[in-house]
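Trainee: What follows is target34.tsv, TSV, C-alpha atoms and all ligand atoms.
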chain	number	residue	atom	x	y	z
A	241	MET	CA	8.57	-12.76	15.86
A	242	GLU	CA	6.23	-15.48	14.76
A	243	PRO	CA	4.36	-14.99	11.46
A	244	ILE	CA	0.61	-14.87	11.99
A	245	ILE	CA	-0.08	-15.44	8.27
A	246	ASN	CA	1.77	-17.83	6.01
A	247	VAL	CA	0.87	-17.77	2.34
A	248	LEU	CA	2.18	-21.01	0.88
A	249	ASN	CA	2.65	-21.25	-2.87
A	250	VAL	CA	-0.83	-19.97	-3.72
A	251	SER	CA	-2.08	-19.92	-7.32
A	252	LYS	CA	-5.37	-18.77	-8.79
A	253	ARG	CA	-6.50	-18.68	-12.40
A	254	TYR	CA	-9.37	-16.91	-14.10
A	255	GLY	CA	-9.64	-18.62	-17.50
A	256	SER	CA	-6.33	-17.96	-19.18
A	257	VAL	CA	-5.33	-15.23	-16.67
A	258	LYS	CA	-2.99	-16.33	-13.88
A	259	ALA	CA	-4.18	-13.89	-11.22
A	260	LEU	CA	-1.77	-15.50	-8.71
A	261	ASP	CA	1.17	-17.61	-9.74
A	262	GLY	CA	2.87	-19.43	-6.83
A	263	VAL	CA	2.75	-16.66	-4.22
A	264	SER	CA	4.47	-17.27	-0.86
A	265	LEU	CA	4.62	-14.73	1.98
A	266	ALA	CA	5.03	-14.59	5.73
A	267	ILE	CA	3.34	-11.76	7.66
A	268	GLU	CA	4.53	-11.03	11.21
A	269	ARG	CA	2.05	-10.70	14.03
A	270	GLY	CA	1.45	-7.04	14.95
A	271	SER	CA	3.06	-5.67	11.79
A	272	ILE	CA	1.68	-3.36	9.14
A	273	PHE	CA	2.18	-5.27	5.93
A	274	GLY	CA	1.88	-3.57	2.56
A	275	LEU	CA	0.95	-5.16	-0.74
A	276	LEU	CA	2.08	-2.86	-3.53
A	277	GLY	CA	1.56	-3.39	-7.22
A	278	PRO	CA	-0.05	-1.89	-10.32
A	279	ASN	CA	-3.68	-2.54	-11.26
A	280	GLY	CA	-4.21	-6.20	-12.04
A	281	ALA	CA	-1.11	-7.37	-10.12
A	282	GLY	CA	-3.21	-9.79	-8.05
A	283	LYS	CA	-3.45	-7.88	-4.75
A	284	SER	CA	-7.24	-8.15	-4.38
A	285	THR	CA	-7.19	-11.80	-5.41
A	286	LEU	CA	-4.63	-12.54	-2.70
A	287	ILE	CA	-6.45	-10.72	0.08
A	288	ASN	CA	-9.76	-12.25	-0.97
A	289	ILE	CA	-8.15	-15.68	-0.55
A	290	ILE	CA	-6.68	-14.69	2.83
A	291	SER	CA	-10.16	-13.43	3.81
A	292	THR	CA	-11.73	-16.77	2.73
A	293	LEU	CA	-13.96	-14.96	0.20
A	294	ILE	CA	-12.56	-16.92	-2.73
A	295	VAL	CA	-10.75	-20.26	-2.88
A	296	GLN	CA	-7.33	-20.75	-4.41
A	297	ASP	CA	-6.62	-23.41	-7.05
A	298	ASP	CA	-3.35	-24.45	-5.43
A	299	GLY	CA	-1.36	-23.91	-2.25
A	300	ASP	CA	-2.72	-22.86	1.16
A	301	VAL	CA	-2.85	-19.93	3.56
A	302	GLU	CA	-2.29	-20.57	7.27
A	303	ILE	CA	-3.58	-18.00	9.73
A	304	ALA	CA	-2.56	-18.53	13.36
A	305	GLY	CA	-2.01	-22.18	12.46
A	306	LEU	CA	-5.44	-22.61	10.80
A	307	SER	CA	-5.96	-23.32	7.10
A	308	VAL	CA	-8.22	-21.05	5.02
A	309	GLN	CA	-9.55	-24.14	3.30
A	310	LYS	CA	-10.36	-26.24	6.36
A	311	ASP	CA	-11.07	-23.62	9.01
A	312	ALA	CA	-12.68	-20.77	7.03
A	313	GLN	CA	-15.39	-20.15	9.64
A	314	LYS	CA	-12.95	-19.75	12.55
A	315	ILE	CA	-10.65	-17.57	10.46
A	316	ARG	CA	-13.49	-15.20	9.52
A	317	GLY	CA	-13.97	-14.42	13.21
A	318	MET	CA	-10.35	-13.27	13.41
A	319	LEU	CA	-10.52	-10.93	10.41
A	320	GLY	CA	-11.85	-7.47	9.79
A	321	LEU	CA	-12.12	-6.69	6.08
A	322	VAL	CA	-12.35	-3.23	4.54
A	323	PRO	CA	-13.27	-3.99	0.94
A	324	GLN	CA	-12.83	-1.67	-2.04
A	325	ASP	CA	-16.59	-1.23	-2.34
A	326	ILE	CA	-18.39	0.55	0.46
A	327	ALA	CA	-20.79	-1.83	2.24
A	328	LEU	CA	-23.13	0.34	4.31
A	329	TYR	CA	-26.88	1.01	4.59
A	330	PRO	CA	-27.29	4.56	3.24
A	331	THR	CA	-30.64	5.30	4.89
A	332	LEU	CA	-29.39	4.31	8.35
A	333	THR	CA	-27.23	6.52	10.56
A	334	ALA	CA	-23.61	5.61	11.28
A	335	ARG	CA	-24.60	4.39	14.75
A	336	GLU	CA	-27.41	2.26	13.31
A	337	ASN	CA	-25.05	0.74	10.75
A	338	LEU	CA	-22.63	-0.16	13.54
A	339	LEU	CA	-25.48	-1.60	15.66
A	340	PHE	CA	-26.50	-3.78	12.74
A	341	TRP	CA	-23.00	-5.08	12.03
A	342	GLY	CA	-22.20	-5.49	15.73
A	343	ARG	CA	-25.25	-7.72	16.16
A	344	MET	CA	-24.18	-9.68	13.05
A	345	TYR	CA	-20.90	-10.34	14.84
A	346	GLY	CA	-22.84	-11.59	17.88
A	347	LEU	CA	-22.29	-8.56	20.11
A	348	GLY	CA	-25.01	-7.22	22.39
A	349	GLY	CA	-25.81	-5.13	25.46
A	350	LYS	CA	-23.14	-3.01	27.09
A	351	LYS	CA	-20.35	-4.61	25.11
A	352	LEU	CA	-22.00	-3.61	21.84
A	353	LYS	CA	-22.61	-0.04	22.97
A	354	GLY	CA	-19.07	0.32	24.29
A	355	GLN	CA	-17.61	-1.07	21.11
A	356	ILE	CA	-19.67	1.31	18.96
A	357	ASP	CA	-18.41	4.29	21.00
A	358	ASP	CA	-14.82	3.05	20.65
A	359	VAL	CA	-14.91	2.60	16.88
A	360	LEU	CA	-16.75	5.92	16.37
A	361	GLU	CA	-13.98	7.62	18.34
A	362	LEU	CA	-11.31	5.77	16.39
A	363	SER	CA	-12.82	6.72	13.03
A	364	GLY	CA	-13.36	10.36	14.03
A	365	LEU	CA	-17.13	10.13	13.41
A	366	LYS	CA	-18.43	10.56	16.94
A	367	ASP	CA	-19.93	14.00	16.26
A	368	ARG	CA	-21.69	12.83	13.10
A	369	ALA	CA	-22.81	9.41	14.39
A	370	ASN	CA	-26.52	10.19	14.30
A	371	GLU	CA	-26.60	11.41	10.70
A	372	ARG	CA	-27.73	9.22	7.84
A	373	VAL	CA	-24.86	7.72	5.87
A	374	GLU	CA	-26.32	8.93	2.54
A	375	GLY	CA	-25.28	12.46	3.54
A	376	TYR	CA	-21.70	11.42	4.27
A	377	SER	CA	-18.74	12.31	2.03
A	378	GLY	CA	-16.78	9.47	0.38
A	379	GLY	CA	-14.05	9.82	2.97
A	380	MET	CA	-16.51	9.61	5.89
A	381	LYS	CA	-18.13	6.51	4.39
A	382	ARG	CA	-14.72	4.93	4.07
A	383	ARG	CA	-13.93	5.74	7.69
A	384	LEU	CA	-17.24	4.21	8.76
A	385	ASN	CA	-16.39	1.13	6.71
A	386	ILE	CA	-13.18	0.81	8.71
A	387	ALA	CA	-15.16	1.29	11.94
A	388	VAL	CA	-17.45	-1.58	10.88
A	389	ALA	CA	-14.46	-3.83	10.23
A	390	LEU	CA	-13.14	-3.09	13.74
A	391	MET	CA	-16.42	-3.81	15.57
A	392	HIS	CA	-15.44	-7.34	16.65
A	393	SER	CA	-11.84	-6.34	17.61
A	394	PRO	CA	-10.26	-8.49	14.90
A	395	GLN	CA	-6.67	-9.72	15.24
A	396	ILE	CA	-6.13	-8.97	11.58
A	397	LEU	CA	-7.39	-5.92	9.71
A	398	ILE	CA	-7.32	-6.22	5.92
A	399	MET	CA	-7.71	-3.07	3.88
A	400	ASP	CA	-8.05	-3.05	0.09
A	401	GLU	CA	-7.01	0.37	-1.25
A	402	PRO	CA	-8.86	2.28	1.50
A	403	THR	CA	-7.74	5.72	0.34
A	404	VAL	CA	-8.77	5.55	-3.32
A	405	GLY	CA	-10.99	8.45	-4.37
A	406	ILE	CA	-11.33	10.19	-1.00
A	407	ASP	CA	-10.46	13.68	0.25
A	408	PRO	CA	-6.91	14.33	1.55
A	409	GLN	CA	-8.15	14.98	5.09
A	410	SER	CA	-9.82	11.59	5.38
A	411	ARG	CA	-6.82	10.00	3.71
A	412	ASN	CA	-4.46	11.46	6.31
A	413	PHE	CA	-6.83	10.51	9.08
A	414	ILE	CA	-6.90	6.90	7.90
A	415	LEU	CA	-3.12	6.71	7.50
A	416	GLU	CA	-2.56	8.14	10.99
A	417	ARG	CA	-5.03	5.67	12.48
A	418	ILE	CA	-3.31	2.74	10.79
A	419	LYS	CA	0.05	3.95	12.08
A	420	SER	CA	-1.43	3.94	15.59
A	421	PHE	CA	-1.83	0.14	15.28
A	422	LYS	CA	1.97	-0.17	15.22
A	423	GLY	CA	3.18	-2.19	18.16
A	424	SER	CA	-0.37	-3.32	19.04
A	425	ASN	CA	-1.71	-6.85	18.72
A	426	THR	CA	-3.50	-6.02	15.50
A	427	THR	CA	-1.86	-7.10	12.27
A	428	VAL	CA	-2.74	-4.88	9.31
A	429	ILE	CA	-2.59	-5.87	5.65
A	430	TYR	CA	-2.78	-2.82	3.43
A	431	THR	CA	-2.98	-2.89	-0.35
A	432	SER	CA	-2.29	0.12	-2.48
A	433	HIS	CA	-0.84	1.24	-5.74
A	434	TYR	CA	0.30	4.47	-4.05
A	435	MET	CA	3.90	3.80	-3.11
A	436	GLU	CA	4.09	6.92	-0.90
A	437	GLU	CA	1.42	5.52	1.41
A	438	ILE	CA	3.11	2.15	1.66
A	439	GLU	CA	6.47	3.81	2.37
A	440	GLU	CA	4.89	5.94	5.07
A	441	ILE	CA	3.02	3.34	7.09
A	442	CYS	CA	4.31	-0.19	6.41
A	443	ASP	CA	6.87	-2.25	8.36
A	444	SER	CA	7.19	-4.81	5.56
A	445	VAL	CA	6.17	-4.78	1.94
A	446	ALA	CA	5.62	-7.28	-0.84
A	447	ILE	CA	5.77	-5.86	-4.35
A	448	MET	CA	3.49	-7.76	-6.70
A	449	ASP	CA	3.38	-7.81	-10.46
A	450	ARG	CA	1.44	-10.06	-12.82
A	451	GLY	CA	0.45	-12.55	-10.14
A	452	LYS	CA	3.87	-12.88	-8.56
A	453	VAL	CA	5.72	-11.42	-5.58
A	454	ILE	CA	8.75	-9.88	-7.26
A	455	ALA	CA	10.38	-8.52	-4.08
A	456	SER	CA	9.65	-8.36	-0.36
A	457	GLY	CA	11.25	-6.99	2.78
A	458	THR	CA	11.31	-3.81	4.84
A	459	VAL	CA	11.00	-0.52	2.96
A	460	GLU	CA	14.72	0.04	3.54
A	461	GLU	CA	15.69	-3.38	2.24
A	462	LEU	CA	13.62	-2.79	-0.88
A	463	HIS	CA	15.20	0.64	-1.45
A	464	GLY	CA	18.54	-1.17	-1.39
A	465	LEU	CA	17.45	-3.12	-4.48
A	466	ALA	CA	17.34	0.11	-6.47
A	467	GLY	CA	20.93	0.86	-5.49
A	468	SER	CA	22.02	3.61	-3.15
A	469	LEU	CA	22.38	6.35	-5.76
A	470	ASP	CA	20.15	9.41	-6.10
A	471	THR	CA	19.33	10.75	-9.55
A	472	ILE	CA	19.50	14.44	-10.46
A	473	TYR	CA	17.80	15.69	-13.63
A	474	ILE	CA	19.01	19.07	-14.90
A	475	LYS	CA	17.08	20.65	-17.74
A	476	THR	CA	18.94	23.35	-19.70
A	477	GLU	CA	17.83	25.91	-22.31
A	478	GLU	CA	20.06	24.22	-24.94
A	479	PRO	CA	21.17	20.56	-25.18
A	480	VAL	CA	24.53	19.89	-23.47
A	481	SER	CA	26.69	17.72	-25.69
A	482	ASP	CA	29.99	17.78	-23.80
A	483	LEU	CA	29.82	16.85	-20.12
A	484	SER	CA	33.57	17.09	-19.47
A	485	PHE	CA	32.97	20.16	-17.25
A	486	LEU	CA	31.55	17.75	-14.63
A	487	LYS	CA	34.69	15.60	-14.57
A	488	HIS	CA	36.28	17.25	-11.52
A	489	LEU	CA	33.25	16.48	-9.33
A	490	GLN	CA	34.21	13.35	-7.37
A	491	SER	CA	30.71	12.61	-6.07
A	492	ILE	CA	29.29	11.94	-9.55
A	493	GLU	CA	29.10	8.22	-10.32
A	494	ASN	CA	27.57	8.50	-13.74
A	495	SER	CA	26.16	11.13	-16.08
A	496	TYR	CA	24.65	11.29	-19.54
A	497	ALA	CA	22.80	13.79	-21.69
A	498	ASP	CA	19.30	13.11	-22.99
A	499	GLY	CA	18.24	16.03	-25.21
A	500	ASN	CA	17.92	19.09	-23.00
A	501	THR	CA	18.15	17.00	-19.84
A	502	THR	CA	21.37	15.87	-18.17
A	503	VAL	CA	20.88	12.83	-15.94
A	504	ILE	CA	23.39	12.51	-13.10
A	505	SER	CA	23.77	9.68	-10.53
A	506	VAL	CA	25.28	10.68	-7.21
A	507	ALA	CA	25.62	9.07	-3.78
A	508	HIS	CA	24.42	12.12	-1.82
A	509	SER	CA	22.39	14.48	-3.98
A	510	LYS	CA	21.88	17.14	-1.31
A	511	GLU	CA	25.60	17.73	-0.75
A	512	ALA	CA	26.50	17.47	-4.43
A	513	LEU	CA	23.79	19.68	-5.85
A	514	SER	CA	25.26	23.15	-5.35
A	515	SER	CA	28.63	22.26	-6.91
A	516	ILE	CA	26.87	20.61	-9.87
A	517	ILE	CA	24.74	23.71	-10.48
A	518	LEU	CA	27.84	25.91	-10.19
A	519	ALA	CA	29.67	23.75	-12.76
A	520	PHE	CA	26.78	24.11	-15.21
A	521	THR	CA	26.68	27.89	-14.78
A	522	ARG	CA	30.45	28.26	-15.14
A	523	ALA	CA	30.36	26.20	-18.34
A	524	GLY	CA	27.80	28.72	-19.70
A	525	HIS	CA	24.69	26.49	-19.57
A	526	ASP	CA	21.42	28.13	-18.52
A	527	ILE	CA	19.47	25.87	-16.19
A	528	ARG	CA	15.70	25.72	-16.64
A	529	SER	CA	14.86	23.22	-13.87
A	530	VAL	CA	16.41	20.78	-11.41
A	531	ASP	CA	14.76	17.58	-10.13
A	532	MET	CA	16.05	15.08	-7.60
A	533	LEU	CA	14.89	11.52	-7.15
A	534	LYS	CA	15.90	9.44	-4.13
A	535	PRO	CA	15.60	5.63	-4.36
A	536	ASN	CA	11.97	4.75	-3.63
A	537	LEU	CA	9.60	1.87	-4.24
A	538	GLU	CA	8.77	3.38	-7.62
A	539	THR	CA	12.41	3.17	-8.73
A	540	VAL	CA	12.63	-0.36	-7.25
A	541	PHE	CA	9.62	-1.42	-9.32
A	542	LEU	CA	11.09	0.23	-12.41
A	543	LYS	CA	14.41	-1.52	-11.88
A	544	LEU	CA	12.81	-4.94	-11.38
A	545	THR	CA	10.23	-4.82	-14.18
A	546	GLY	CA	11.40	-2.12	-16.58
A	547	ARG	CA	7.93	-0.55	-16.23
A	548	ALA	CA	6.51	2.27	-14.15
A	549	LEU	CA	4.28	1.40	-11.20
A	550	ARG	CA	1.57	3.71	-12.47
A	551	ASP	CA	1.29	2.76	-16.14
B	601	LIG	N1	-13.59	-12.52	-10.97
B	601	LIG	C1	-12.65	-12.40	-11.92
B	601	LIG	N2	-12.87	-12.90	-13.15
B	601	LIG	C2	-11.94	-12.83	-14.13
B	601	LIG	N3	-10.73	-12.25	-13.97
B	601	LIG	C3	-10.44	-11.73	-12.78
B	601	LIG	C4	-11.39	-11.78	-11.69
B	601	LIG	N4	-10.81	-11.17	-10.63
B	601	LIG	C5	-9.59	-10.78	-11.02
B	601	LIG	N5	-9.36	-11.11	-12.30
B	601	LIG	C6	-8.11	-10.85	-13.05
B	601	LIG	O1	-7.03	-11.30	-12.26
B	601	LIG	C7	-5.94	-10.37	-12.32
B	601	LIG	C8	-5.60	-9.87	-10.93
B	601	LIG	O2	-6.65	-9.02	-10.47
B	601	LIG	P1	-6.69	-8.35	-9.03
B	601	LIG	O3	-8.02	-7.65	-8.91
B	601	LIG	O4	-6.35	-9.36	-8.01
B	601	LIG	O5	-5.53	-7.28	-9.13
B	601	LIG	P2	-5.21	-6.04	-8.20
B	601	LIG	O6	-3.74	-6.03	-8.05
B	601	LIG	O7	-6.02	-6.11	-6.98
B	601	LIG	O8	-5.64	-4.83	-9.08
B	601	LIG	P3	-6.58	-3.57	-8.69
B	601	LIG	O9	-5.65	-2.60	-8.06
B	601	LIG	O10	-7.07	-3.13	-10.02
B	601	LIG	O11	-7.66	-4.08	-7.78
B	601	LIG	C9	-6.38	-9.29	-13.29
B	601	LIG	O12	-5.87	-9.60	-14.57
B	601	LIG	C10	-7.87	-9.38	-13.26
B	601	LIG	O13	-8.42	-8.94	-14.48
Output the structure of this file as structure tokens.
Mentor:
Amino acid sequence: MEPIINVLNVSKRYGSVKALDGVSLAIERGSIFGLLGPNGAGKSTLINIISTLIVQDDGDVEIAGLSVQKDAQKIRGMLGLVPQDIALYPTLTARENLLFWGRMYGLGGKKLKGQIDDVLELSGLKDRANERVEGYSGGMKRRLNIAVALMHSPQILIMDEPTVGIDPQSRNFILERIKSFKGSNTTVIYTSHYMEEIEEICDSVAIMDRGKVIASGTVEELHGLAGSLDTIYIKTEEPVSDLSFLKHLQSIENSYADGNTTVISVAHSKEALSSIILAFTRAGHDIRSVDMLKPNLETVFLKLTGRALRD
């Protein structure tokens, strides 16, 4: 597949802060592309450059062969942006907001009406379309914001943390809707610092930290960077100083004691768990709790940076 977006060695500074430091990325047409990173990693700066809202200091972004610097106007017509801040008229109804934005995009007549019905359906707001936006919940406003971004049927939908601070129902609704774009002509760029969301919906992911892309690939490829081992944490009533009772268990790759917690690395935690628990009990250790951690984007980030994603 052909990339629709090529980010070529892009840098951006704010005073002494390097918000982006030589970022390069290729985003496939029709994919759902995730940008994951902690606060301040540079995600918003990057998508604002892709959206032609701010200009980079160095490098370029090509979208369908056009340059954000030279062809900003044309590129804007191809993009739908869902910004972090809600941009709606509170005293207008949802339908009136969509009418306004549709006209801004140059739509009119039957096409405009049809498009409004489509995006209301898509955002699950059809039944509430004639209510004023000021009475909407945060999640409904966010869904309307997405509807606005879809009014001109953009090739690329860019969403900056669209699920922050909204109710779980709206969050699930939004995630399901984004998943429904899979295999369509619409390319989605999705930023988040929630790794579960990115794992759930994205085909490809770039992990950003301090202005750089520190890893990119499919979710599976990125999991591979954390190694293939699961981690089991067993908390006991008393500290366990001698772990020789685990020796006979072939599946254990590594184990160490950390106070009352024994940390065990195994290839297949599900299969190994019952024999590990049995070994603890037989050795006379009372177990207080058991936790399992499979490799995920959180552990990948930890491995690459030595820091947690959610510091
Ligand atoms: N307009 C600005 N003026 C000064 N510094 C800025 C500006 N915008 C961003 N920065 C700085 O650039 C860095 C990257 O910020 P950016 O907003 O792109 O990160 P982010 O990954 O989107 O984080 P968040 O999840 O908090 O939005 C941060 O250190 C931020 O403080």
Trainee: Would you name the residues within 10 Å of ligand LIG 601 (chain B), counting only C-alpha atoms and all ligand atoms, and put them as a ChimeraX atom specification?
Mentor: /A:252-260,275-289,294,324,400-401,404,431-433,448-451
Trainee: Keeping C-alpha atoms for every residue in the selection just given, could you write it to a file as an mmCIF file, keeping the file's coordinate frame?
Mentor:
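Okay, result20.cif is ready:
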data_model
loop_
_atom_site.group_PDB
_atom_site.id
_atom_site.type_symbol
_atom_site.label_atom_id
_atom_site.label_comp_id
_atom_site.auth_asym_id
_atom_site.auth_seq_id
_atom_site.Cartn_x
_atom_site.Cartn_y
_atom_site.Cartn_z
ATOM 1 C CA LYS A 252 -5.370 -18.770 -8.790
ATOM 2 C CA ARG A 253 -6.500 -18.680 -12.400
ATOM 3 C CA TYR A 254 -9.370 -16.910 -14.100
ATOM 4 C CA GLY A 255 -9.640 -18.620 -17.500
ATOM 5 C CA SER A 256 -6.330 -17.960 -19.180
ATOM 6 C CA VAL A 257 -5.330 -15.230 -16.670
ATOM 7 C CA LYS A 258 -2.990 -16.330 -13.880
ATOM 8 C CA ALA A 259 -4.180 -13.890 -11.220
ATOM 9 C CA LEU A 260 -1.770 -15.500 -8.710
ATOM 10 C CA LEU A 275 0.950 -5.160 -0.740
ATOM 11 C CA LEU A 276 2.080 -2.860 -3.530
ATOM 12 C CA GLY A 277 1.560 -3.390 -7.220
ATOM 13 C CA PRO A 278 -0.050 -1.890 -10.320
ATOM 14 C CA ASN A 279 -3.680 -2.540 -11.260
ATOM 15 C CA GLY A 280 -4.210 -6.200 -12.040
ATOM 16 C CA ALA A 281 -1.110 -7.370 -10.120
ATOM 17 C CA GLY A 282 -3.210 -9.790 -8.050
ATOM 18 C CA LYS A 283 -3.450 -7.880 -4.750
ATOM 19 C CA SER A 284 -7.240 -8.150 -4.380
ATOM 20 C CA THR A 285 -7.190 -11.800 -5.410
ATOM 21 C CA LEU A 286 -4.630 -12.540 -2.700
ATOM 22 C CA ILE A 287 -6.450 -10.720 0.080
ATOM 23 C CA ASN A 288 -9.760 -12.250 -0.970
ATOM 24 C CA ILE A 289 -8.150 -15.680 -0.550
ATOM 25 C CA ILE A 294 -12.560 -16.920 -2.730
ATOM 26 C CA GLN A 324 -12.830 -1.670 -2.040
ATOM 27 C CA ASP A 400 -8.050 -3.050 0.090
ATOM 28 C CA GLU A 401 -7.010 0.370 -1.250
ATOM 29 C CA VAL A 404 -8.770 5.550 -3.320
ATOM 30 C CA THR A 431 -2.980 -2.890 -0.350
ATOM 31 C CA SER A 432 -2.290 0.120 -2.480
ATOM 32 C CA HIS A 433 -0.840 1.240 -5.740
ATOM 33 C CA MET A 448 3.490 -7.760 -6.700
ATOM 34 C CA ASP A 449 3.380 -7.810 -10.460
ATOM 35 C CA ARG A 450 1.440 -10.060 -12.820
ATOM 36 C CA GLY A 451 0.450 -12.550 -10.140
#
Trainee: Take CA of Tyr434 in chain A and CA of Val459 in chain A and report the distance between them in Å, one decimal.
Mentor: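 Between these atoms lies a distance of 13.7 Å.
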Trainee: Looking at all atoms listed in the file, which of A:Gly467, A:Pro535, A:Gly457, A:Gly405 is the one that sits closest to Ile267 in chain A?
Mentor: A:Gly457
Trainee: Counting only C-alpha atoms, which of A:Leu513, A:Val453, A:Leu362, A:Ile474 gets nearest to Leu544 in chain A?
Mentor: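 Of A:Leu513, A:Val453, A:Leu362, A:Ile474, the one nearest Leu544 in chain A, counting only C-alpha atoms, is A:Val453.
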Trainee: One number please: CA of Val445 in chain A to CA of Ser264 in chain A, in Å, one decimal.
Mentor: 12.9 Å
Trainee: Which one of A:Leu384, A:Ile454, A:Leu248, A:Ala497 sits closest to Gly364 in chain A if you count only C-alpha atoms?
Mentor: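 When distances to Gly364 in chain A are compared using only C-alpha atoms, the smallest one comes from A:Leu384.
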Trainee: Between A:Leu306, A:Ala389, A:Ile315, A:Leu549, which is the closest to Trp341 in chain A once you count all atoms listed in the file?
Mentor: A:Ala389
Trainee: In Å, with one decimal, what is the gap from CA of Glu268 in chain A to CA of Ile244 in chain A?
Mentor: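 Spanning CA of Glu268 in chain A to CA of Ile244 in chain A is a straight-line distance of 5.5 Å.
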Trainee: Given the choices A:Gly499, A:Pro402, A:Gly375, A:Pro408, which gets closest to Thr333 in chain A if the distance is worked out from only C-alpha atoms?
Mentor: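 Of all the options, A:Gly375 lies closest to Thr333 in chain A.
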Trainee: The residues within 7 Å of (-20.9, 2.6, 14.1), using only C-alpha atoms and the coordinates of the file, should be reported as a compact mmCIF listing (two decimals) with C-alpha atoms, keeping the file's coordinate frame; which are they?
Mentor:
# COMPACT_ATOMS: atom_id res chain seq x y z
CA ALA A 334 -23.61 5.61 11.28
CA ARG A 335 -24.60 4.39 14.75
CA GLU A 336 -27.41 2.26 13.31
CA ASN A 337 -25.05 0.74 10.75
CA LEU A 338 -22.63 -0.16 13.54
CA LEU A 339 -25.48 -1.60 15.66
CA ILE A 356 -19.67 1.31 18.96
CA VAL A 359 -14.91 2.60 16.88
CA LEU A 360 -16.75 5.92 16.37
CA LEU A 384 -17.24 4.21 8.76
CA ALA A 387 -15.16 1.29 11.94
CA VAL A 388 -17.45 -1.58 10.88
Trainee: At a cut-off of 12 Å from (1.8, 6.7, 2.3) in the coordinates of the file, what residues are picked up using only C-alpha atoms, written as an MDAnalysis selection string?
Mentor: chainID A and resid 274 276 401:403 408 411:416 418:419 430:443 459 536:537
Trainee: Between A:Leu469, A:Leu328, A:Val308, A:Met399, which one has atoms that come closest to Lys510 in chain A, using only C-alpha atoms?
Mentor: A:Leu469
Trainee: With 4 Å on each side, where is the centre of the axis-aligned box around all listed atoms of range 532-544 of chain A, and how long are its edges in Å to one decimal, as lines of an AutoDock Vina configuration file?
Mentor:
center_x = 12.4
center_y = 5.1
center_z = -8.0
size_x = 15.3
size_y = 28.0
size_z = 16.8
Trainee: List as number ranges by chain the protein and nucleic acid residues near Phe421 in chain A, meaning an atom at most 9 Å away when only C-alpha atoms are counted, but skip any in the same chain fewer than 6 places from it.
Mentor: A: 270-272, 427-428
Trainee: Now that the selection is made, can you save its residues with C-alpha atoms as an mmCIF file, keeping the file's coordinate frame?
Mentor:
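What ended up in result.cif:
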data_model
loop_
_atom_site.group_PDB
_atom_site.id
_atom_site.type_symbol
_atom_site.label_atom_id
_atom_site.label_comp_id
_atom_site.auth_asym_id
_atom_site.auth_seq_id
_atom_site.Cartn_x
_atom_site.Cartn_y
_atom_site.Cartn_z
ATOM 1 C CA GLY A 270 1.450 -7.040 14.950
ATOM 2 C CA SER A 271 3.060 -5.670 11.790
ATOM 3 C CA ILE A 272 1.680 -3.360 9.140
ATOM 4 C CA THR A 427 -1.860 -7.100 12.270
ATOM 5 C CA VAL A 428 -2.740 -4.880 9.310
#
Trainee: Applying 12 Å and all atoms listed in the file, which residues near Lys314 in chain A remain after dropping the ones on its own chain fewer than 3 positions away? List them as an NGL selection string.
Mentor: :A and (291-292 or 302-311 or 317-319 or 394)
Trainee: At a cut-off of 12 Å, using only C-alpha atoms, what residues contact Asn494 in chain A? Leave out same-chain residues fewer than 5 positions from it and give the result as an MDAnalysis selection string.
Mentor: chainID A and resid 469:472 483:484 486:487 489 502:507
Trainee: Near Asp407 in chain A, counting only C-alpha atoms, which residues have an atom at most 8 Å away, once you skip same-chain residues fewer than 3 positions from it, shown as a PyMOL selection string?
Mentor: chain A and resi 378-379+410-411
